[in-house]
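Student: input.pdb is reproduced below (PDB, C-alpha atoms, pLDDT in the B column).
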```
ATOM      1  CA  MET Q   1       1.585  -6.375   5.277  1.00 97.00           C
ATOM      2  CA  LYS Q   2      -0.968  -3.623   4.637  1.00 98.00           C
ATOM      3  CA  ILE Q   3      -2.950  -2.796   7.801  1.00 98.00           C
ATOM      4  CA  ALA Q   4      -6.203  -0.810   7.950  1.00 98.00           C
ATOM      5  CA  ILE Q   5      -6.436   1.299  11.104  1.00 98.00           C
ATOM      6  CA  ALA Q   6      -9.207   3.469  12.503  1.00 98.00           C
ATOM      7  CA  CYS Q   7     -10.497   5.018  15.715  1.00 98.00           C
ATOM      8  CA  ASP Q   8     -12.912   7.496  17.153  1.00 98.00           C
ATOM      9  CA  HIS Q   9     -11.956  10.489  19.296  1.00 98.00           C
ATOM     10  CA  GLY Q  10     -11.704   8.235  22.369  1.00 97.00           C
ATOM     11  CA  GLY Q  11      -9.012   6.099  20.757  1.00 98.00           C
ATOM     12  CA  LEU Q  12      -6.992   8.731  18.880  1.00 98.00           C
ATOM     13  CA  ASN Q  13      -3.937   8.814  21.146  1.00 98.00           C
ATOM     14  CA  LEU Q  14      -3.546   5.048  21.119  1.00 98.00           C
ATOM     15  CA  LYS Q  15      -4.266   4.796  17.389  1.00 98.00           C
ATOM     16  CA  ASN Q  16      -1.530   7.308  16.637  1.00 98.00           C
ATOM     17  CA  ALA Q  17       0.943   5.397  18.814  1.00 98.00           C
ATOM     18  CA  MET Q  18      -0.182   2.116  17.248  1.00 98.00           C
ATOM     19  CA  LYS Q  19       0.217   3.504  13.727  1.00 98.00           C
ATOM     20  CA  ALA Q  20       3.819   4.517  14.455  1.00 98.00           C
ATOM     21  CA  TYR Q  21       4.522   1.105  15.996  1.00 98.00           C
ATOM     22  CA  VAL Q  22       3.012  -0.843  13.079  1.00 98.00           C
ATOM     23  CA  GLU Q  23       5.081   1.190  10.633  1.00 98.00           C
ATOM     24  CA  LYS Q  24       8.207   0.670  12.779  1.00 98.00           C
ATOM     25  CA  LEU Q  25       7.587  -3.076  12.415  1.00 98.00           C
ATOM     26  CA  GLY Q  26       7.785  -2.586   8.649  1.00 98.00           C
ATOM     27  CA  HIS Q  27       4.113  -2.703   7.756  1.00 98.00           C
ATOM     28  CA  GLU Q  28       2.143  -0.189   5.701  1.00 98.00           C
ATOM     29  CA  THR Q  29      -0.889   1.461   7.310  1.00 98.00           C
ATOM     30  CA  VAL Q  30      -4.020   2.856   5.719  1.00 98.00           C
ATOM     31  CA  ASP Q  31      -5.508   5.298   8.231  1.00 98.00           C
ATOM     32  CA  PHE Q  32      -9.281   5.691   7.987  1.00 98.00           C
ATOM     33  CA  GLY Q  33      -9.458   8.294  10.766  1.00 95.00           C
ATOM     34  CA  THR Q  34     -10.479   9.991  12.870  1.00 97.00           C
ATOM     35  CA  TYR Q  35      -7.716  12.555  12.977  1.00 97.00           C
ATOM     36  CA  THR Q  36      -9.016  14.968  15.644  1.00 96.00           C
ATOM     37  CA  PHE Q  37     -10.366  14.875  19.184  1.00 96.00           C
ATOM     38  CA  ASP Q  38     -13.717  16.283  18.023  1.00 96.00           C
ATOM     39  CA  SER Q  39     -16.600  14.062  19.102  1.00 95.00           C
ATOM     40  CA  CYS Q  40     -17.485  11.622  16.318  1.00 95.00           C
ATOM     41  CA  ASP Q  41     -19.168   8.292  15.709  1.00 96.00           C
ATOM     42  CA  TYR Q  42     -16.881   5.245  15.911  1.00 97.00           C
ATOM     43  CA  THR Q  43     -19.210   3.482  13.492  1.00 97.00           C
ATOM     44  CA  ASP Q  44     -18.107   5.616  10.540  1.00 97.00           C
ATOM     45  CA  PHE Q  45     -14.406   4.898  10.931  1.00 98.00           C
ATOM     46  CA  ALA Q  46     -14.545   1.240  11.975  1.00 98.00           C
ATOM     47  CA  GLN Q  47     -16.797   0.501   9.000  1.00 98.00           C
ATOM     48  CA  LYS Q  48     -14.296   1.957   6.521  1.00 98.00           C
ATOM     49  CA  ALA Q  49     -11.411  -0.046   7.986  1.00 98.00           C
ATOM     50  CA  ALA Q  50     -13.472  -3.250   8.043  1.00 98.00           C
ATOM     51  CA  GLU Q  51     -14.561  -2.785   4.446  1.00 98.00           C
ATOM     52  CA  ALA Q  52     -10.913  -2.356   3.410  1.00 98.00           C
ATOM     53  CA  VAL Q  53     -10.093  -5.696   5.043  1.00 98.00           C
ATOM     54  CA  ALA Q  54     -13.159  -7.442   3.614  1.00 97.00           C
ATOM     55  CA  ASN Q  55     -12.515  -6.250   0.056  1.00 98.00           C
ATOM     56  CA  GLY Q  56      -8.827  -7.174   0.187  1.00 98.00           C
ATOM     57  CA  GLU Q  57      -7.412  -3.650   0.069  1.00 98.00           C
ATOM     58  CA  CYS Q  58      -5.756  -4.434   3.411  1.00 98.00           C
ATOM     59  CA  GLU Q  59      -4.685  -7.810   4.772  1.00 98.00           C
ATOM     60  CA  ARG Q  60      -5.602  -7.056   8.381  1.00 98.00           C
ATOM     61  CA  GLY Q  61      -7.087  -4.255  10.430  1.00 98.00           C
ATOM     62  CA  ILE Q  62      -6.844  -2.726  13.888  1.00 98.00           C
ATOM     63  CA  VAL Q  63      -9.549  -0.496  15.357  1.00 98.00           C
ATOM     64  CA  VAL Q  64      -9.598   1.507  18.595  1.00 98.00           C
ATOM     65  CA  CYS Q  65     -12.184   3.344  20.674  1.00 98.00           C
ATOM     66  CA  SER Q  66     -12.416   4.035  24.398  1.00 97.00           C
ATOM     67  CA  SER Q  67     -13.337   0.441  25.285  1.00 98.00           C
ATOM     68  CA  GLY Q  68     -12.776  -1.435  22.028  1.00 97.00           C
ATOM     69  CA  ILE Q  69     -16.309  -2.796  22.188  1.00 98.00           C
ATOM     70  CA  GLY Q  70     -18.108  -0.464  19.790  1.00 98.00           C
ATOM     71  CA  VAL Q  71     -15.511  -0.702  17.027  1.00 98.00           C
ATOM     72  CA  SER Q  72     -15.412  -4.504  17.296  1.00 98.00           C
ATOM     73  CA  ILE Q  73     -19.193  -4.753  16.984  1.00 98.00           C
ATOM     74  CA  VAL Q  74     -19.177  -2.531  13.899  1.00 98.00           C
ATOM     75  CA  ALA Q  75     -16.292  -4.363  12.234  1.00 98.00           C
ATOM     76  CA  ASN Q  76     -18.017  -7.709  12.747  1.00 96.00           C
ATOM     77  CA  LYS Q  77     -21.089  -6.497  10.862  1.00 95.00           C
ATOM     78  CA  VAL Q  78     -19.054  -6.425   7.639  1.00 96.00           C
ATOM     79  CA  PRO Q  79     -19.169  -9.829   5.904  1.00 95.00           C
ATOM     80  CA  GLY Q  80     -15.735 -11.396   5.704  1.00 95.00           C
ATOM     81  CA  VAL Q  81     -14.437  -9.718   8.846  1.00 97.00           C
ATOM     82  CA  ARG Q  82     -13.587 -11.628  11.992  1.00 97.00           C
ATOM     83  CA  CYS Q  83     -12.685  -8.923  14.497  1.00 98.00           C
ATOM     84  CA  ALA Q  84     -11.447  -9.934  17.930  1.00 98.00           C
ATOM     85  CA  HIS Q  85     -11.776  -7.593  20.896  1.00 98.00           C
ATOM     86  CA  CYS Q  86      -8.570  -8.342  22.841  1.00 97.00           C
ATOM     87  CA  HIS Q  87      -6.884  -6.890  25.893  1.00 97.00           C
ATOM     88  CA  ASP Q  88      -4.552  -9.791  26.677  1.00 97.00           C
ATOM     89  CA  LEU Q  89      -1.886 -11.717  24.802  1.00 97.00           C
ATOM     90  CA  TYR Q  90      -3.540 -15.123  25.065  1.00 97.00           C
ATOM     91  CA  CYS Q  91      -6.607 -13.890  23.187  1.00 97.00           C
ATOM     92  CA  ALA Q  92      -4.540 -12.008  20.587  1.00 97.00           C
ATOM     93  CA  LYS Q  93      -2.550 -15.165  19.877  1.00 97.00           C
ATOM     94  CA  TYR Q  94      -5.397 -17.648  19.805  1.00 97.00           C
ATOM     95  CA  THR Q  95      -7.779 -15.514  17.798  1.00 97.00           C
ATOM     96  CA  ARG Q  96      -5.230 -15.774  14.980  1.00 97.00           C
ATOM     97  CA  LEU Q  97      -4.280 -19.417  15.576  1.00 95.00           C
ATOM     98  CA  HIS Q  98      -7.806 -20.790  15.888  1.00 95.00           C
ATOM     99  CA  ASN Q  99     -10.213 -18.205  14.429  1.00 95.00           C
ATOM    100  CA  ASP Q 100      -8.128 -16.706  11.623  1.00 96.00           C
ATOM    101  CA  ALA Q 101      -9.244 -13.265  12.863  1.00 97.00           C
ATOM    102  CA  ASN Q 102      -8.363 -10.545  10.379  1.00 98.00           C
ATOM    103  CA  MET Q 103      -9.063  -7.572  12.646  1.00 98.00           C
ATOM    104  CA  LEU Q 104      -8.104  -6.621  16.184  1.00 98.00           C
ATOM    105  CA  ALA Q 105      -9.935  -4.185  18.477  1.00 98.00           C
ATOM    106  CA  PHE Q 106      -8.918  -2.713  21.812  1.00 97.00           C
ATOM    107  CA  GLY Q 107      -9.723   0.227  24.039  1.00 98.00           C
ATOM    108  CA  GLU Q 108      -7.542   3.207  24.873  1.00 98.00           C
ATOM    109  CA  LYS Q 109      -9.054   3.482  28.347  1.00 98.00           C
ATOM    110  CA  VAL Q 110      -8.375  -0.201  28.985  1.00 97.00           C
ATOM    111  CA  ILE Q 111      -4.762  -0.749  27.908  1.00 97.00           C
ATOM    112  CA  GLY Q 112      -1.610   1.313  27.726  1.00 96.00           C
ATOM    113  CA  GLU Q 113       0.932   1.731  24.988  1.00 97.00           C
ATOM    114  CA  GLY Q 114       3.127  -1.150  26.169  1.00 97.00           C
ATOM    115  CA  MET Q 115       0.278  -3.676  26.094  1.00 98.00           C
ATOM    116  CA  MET Q 116      -0.873  -2.283  22.740  1.00 98.00           C
ATOM    117  CA  GLN Q 117       2.548  -3.021  21.279  1.00 98.00           C
ATOM    118  CA  GLU Q 118       2.526  -6.583  22.587  1.00 98.00           C
ATOM    119  CA  LEU Q 119      -1.014  -7.193  21.301  1.00 98.00           C
ATOM    120  CA  VAL Q 120      -0.234  -5.758  17.877  1.00 98.00           C
ATOM    121  CA  TYR Q 121       3.026  -7.684  17.564  1.00 98.00           C
ATOM    122  CA  THR Q 122       1.324 -10.946  18.531  1.00 98.00           C
ATOM    123  CA  PHE Q 123      -1.652 -10.351  16.226  1.00 98.00           C
ATOM    124  CA  LEU Q 124       0.499  -9.460  13.227  1.00 98.00           C
ATOM    125  CA  ASN Q 125       3.058 -12.248  13.737  1.00 98.00           C
ATOM    126  CA  THR Q 126       0.763 -15.186  14.481  1.00 97.00           C
ATOM    127  CA  GLU Q 127      -0.491 -17.190  11.538  1.00 95.00           C
ATOM    128  CA  PHE Q 128      -3.682 -19.238  11.336  1.00 94.00           C
ATOM    129  CA  GLU Q 129      -2.942 -22.756  12.568  1.00 90.00           C
ATOM    130  CA  GLY Q 130      -5.389 -24.330  10.159  1.00 87.00           C
ATOM    131  CA  GLY Q 131      -6.221 -27.965  10.489  1.00 88.00           C
ATOM    132  CA  GLU Q 132      -9.547 -29.659  10.041  1.00 92.00           C
ATOM    133  CA  ARG Q 133     -11.226 -28.521  13.268  1.00 89.00           C
ATOM    134  CA  HIS Q 134     -10.262 -24.846  12.972  1.00 92.00           C
ATOM    135  CA  GLU Q 135     -11.003 -24.662   9.250  1.00 92.00           C
ATOM    136  CA  ARG Q 136     -14.388 -26.334   9.899  1.00 93.00           C
ATOM    137  CA  ARG Q 137     -15.247 -23.722  12.526  1.00 90.00           C
ATOM    138  CA  VAL Q 138     -14.195 -20.762  10.376  1.00 91.00           C
ATOM    139  CA  ALA Q 139     -16.277 -22.244   7.537  1.00 91.00           C
ATOM    140  CA  LYS Q 140     -19.270 -22.330   9.878  1.00 92.00           C
ATOM    141  CA  ILE Q 141     -18.733 -18.640  10.669  1.00 91.00           C
ATOM    142  CA  LYS Q 142     -18.690 -17.903   6.937  1.00 91.00           C
ATOM    143  CA  ALA Q 143     -21.889 -19.935   6.476  1.00 88.00           C
ATOM    144  CA  LEU Q 144     -23.612 -17.834   9.169  1.00 88.00           C
ATOM    145  CA  GLU Q 145     -22.589 -14.684   7.299  1.00 89.00           C
ATOM    146  CA  GLU Q 146     -24.023 -16.054   4.075  1.00 88.00           C
ATOM    147  CA  LYS Q 147     -27.273 -16.965   5.835  1.00 87.00           C
ATOM    148  CA  TYR Q 148     -27.822 -13.663   7.646  1.00 86.00           C
ATOM    149  CA  CYS Q 149     -25.876 -11.005   5.731  1.00 80.00           C
ATOM    150  CA  LYS Q 150     -27.971 -10.556   2.614  1.00 71.00           C
TER     151      LYS Q 150
END
```
Once you've parsed the file, please lay out its structure as structure tokens.
Tutor:
Amino acid sequence: MKIAIACDHGGLNLKNAMKAYVEKLGHETVDFGTYTFDSCDYTDFAQKAAEAVANGECERGIVVCSSGIGVSIVANKVPGVRCAHCHDLYCAKYTRLHNDANMLAFGEKVIGEGMMQELVYTFLNTEFEGGERHERRVAKIKALEEKYCK
């Protein structure tokens, strides 16, 4: 699977560890930055990763900042992206099963490398459950995008 990844300066250490882990799992990464600890705007990097997921360049995406909140908000502004801000395994699993989330966000100051690996593994290895009720709800999310994202 091809995975878009991105972070700001507050998520660089965890993004670098996550990139190595994703590649160890056999996936390809497309790294949209940042690459230094210089202060920068998370918006610029999360947007690029989200656009790569939305346009089909990448199948899924993972974005990191200090808390995970900012990057998740940005990613969710891109039509076609369903980014879940997760710091526990239950949410990482069920956002794929029920919401067909295509992006994951977390914060470097919130989780450590061990939890990151478990979240990433769960997110990348859980498929959308489908079924009428979940497909209906994802369709409603898409309809909201069409209504408001013009």
Student: For Gln47 (chain Q), which of Q:Thr29, Q:Lys15, Q:Met103, Q:Lys24 is the closest residue, counting all atoms listed in the file?
Tutor: Q:Met103
Student: Choose the residue, out of Q:Val30, Q:Asn99, Q:Glu113, Q:Ser39, that has the smallest atom-to-atom separation from Glu59 (chain Q); count only C-alpha atoms.
Tutor: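 The shortest atom-to-atom distance to Glu59 (chain Q) comes from Q:Val30.
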Student: Of the candidates Q:Ile73, Q:Ala84, Q:Leu12, Q:Ala49, which shows the shortest atom-to-atom distance to Phe37 (chain Q), using all atoms listed in the file?
Tutor: Q:Leu12
Student: One decimal, Å: what's the distance from CA of Ala105 (chain Q) over to CA of Ile69 (chain Q), could you say?
Tutor: 7.5 Å
Student: Please list as a PDB file with C-alpha atoms, in the frame of the given file every residue within 12 Å of Glu118 (chain Q), counting all atoms listed in the file and excluding residues in the same chain fewer than 4 positions away.
Tutor:
```
ATOM      1  CA  MET Q  18      -0.182   2.116  17.248  1.00 98.00           C
ATOM      2  CA  TYR Q  21       4.522   1.105  15.996  1.00 98.00           C
ATOM      3  CA  VAL Q  22       3.012  -0.843  13.079  1.00 98.00           C
ATOM      4  CA  LEU Q  25       7.587  -3.076  12.415  1.00 98.00           C
ATOM      5  CA  CYS Q  86      -8.570  -8.342  22.841  1.00 97.00           C
ATOM      6  CA  HIS Q  87      -6.884  -6.890  25.893  1.00 97.00           C
ATOM      7  CA  ASP Q  88      -4.552  -9.791  26.677  1.00 97.00           C
ATOM      8  CA  LEU Q  89      -1.886 -11.717  24.802  1.00 97.00           C
ATOM      9  CA  TYR Q  90      -3.540 -15.123  25.065  1.00 97.00           C
ATOM     10  CA  CYS Q  91      -6.607 -13.890  23.187  1.00 97.00           C
ATOM     11  CA  ALA Q  92      -4.540 -12.008  20.587  1.00 97.00           C
ATOM     12  CA  LYS Q  93      -2.550 -15.165  19.877  1.00 97.00           C
ATOM     13  CA  ILE Q 111      -4.762  -0.749  27.908  1.00 97.00           C
ATOM     14  CA  GLY Q 112      -1.610   1.313  27.726  1.00 96.00           C
ATOM     15  CA  GLU Q 113       0.932   1.731  24.988  1.00 97.00           C
ATOM     16  CA  GLY Q 114       3.127  -1.150  26.169  1.00 97.00           C
ATOM     17  CA  THR Q 122       1.324 -10.946  18.531  1.00 98.00           C
ATOM     18  CA  PHE Q 123      -1.652 -10.351  16.226  1.00 98.00           C
ATOM     19  CA  LEU Q 124       0.499  -9.460  13.227  1.00 98.00           C
ATOM     20  CA  ASN Q 125       3.058 -12.248  13.737  1.00 98.00           C
ATOM     21  CA  THR Q 126       0.763 -15.186  14.481  1.00 97.00           C
TER      22      THR Q 126
END
```
Student: Could you name the residues that touch Lys2 (chain Q) at 10 Å or less, counting all atoms listed in the file, but leaving out those on the same chain fewer than 4 positions away, as a list of chain:residue names?
Tutor: Q:Val22, Q:Glu23, Q:Gly26, Q:His27, Q:Glu28, Q:Thr29, Q:Val30, Q:Val53, Q:Gly56, Q:Glu57, Q:Cys58, Q:Glu59, Q:Arg60, Q:Gly61
Student: So, with all atoms listed in the file as the atoms that count, which of Q:His98, Q:Ala52, Q:Val64, Q:Lys147 lies closest to Cys7 (chain Q)?
Tutor: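 Answer, going by the shortest atom-to-atom distance: Q:Val64.
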Student: Could you state the separation of CA of Ala20 (chain Q) and CA of Phe106 (chain Q) in Å, given to one decimal place?
Tutor: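 Result for CA of Ala20 (chain Q) versus CA of Phe106 (chain Q): 16.4 Å, one decimal.
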Student: Of the candidates Q:Ile62, Q:Ala54, Q:Ala143, Q:Val78, which one gets nearest to Tyr121 (chain Q) if we count all atoms listed in the file?
Tutor: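 Once distances to Tyr121 (chain Q) are computed over all atoms listed in the file, the minimum belongs to Q:Ile62.
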Student: With the PyMOL selection byres ((chain Q and resi 38) around 12) as the selection, what would be picked from this file? Answer as a count of residues only, please.
Tutor: 15
Student: Q:Arg96, Q:Arg82, Q:Lys77, Q:Arg133: which is nearest Tyr148 (chain Q), counting all atoms listed in the file?
Tutor: Q:Lys77
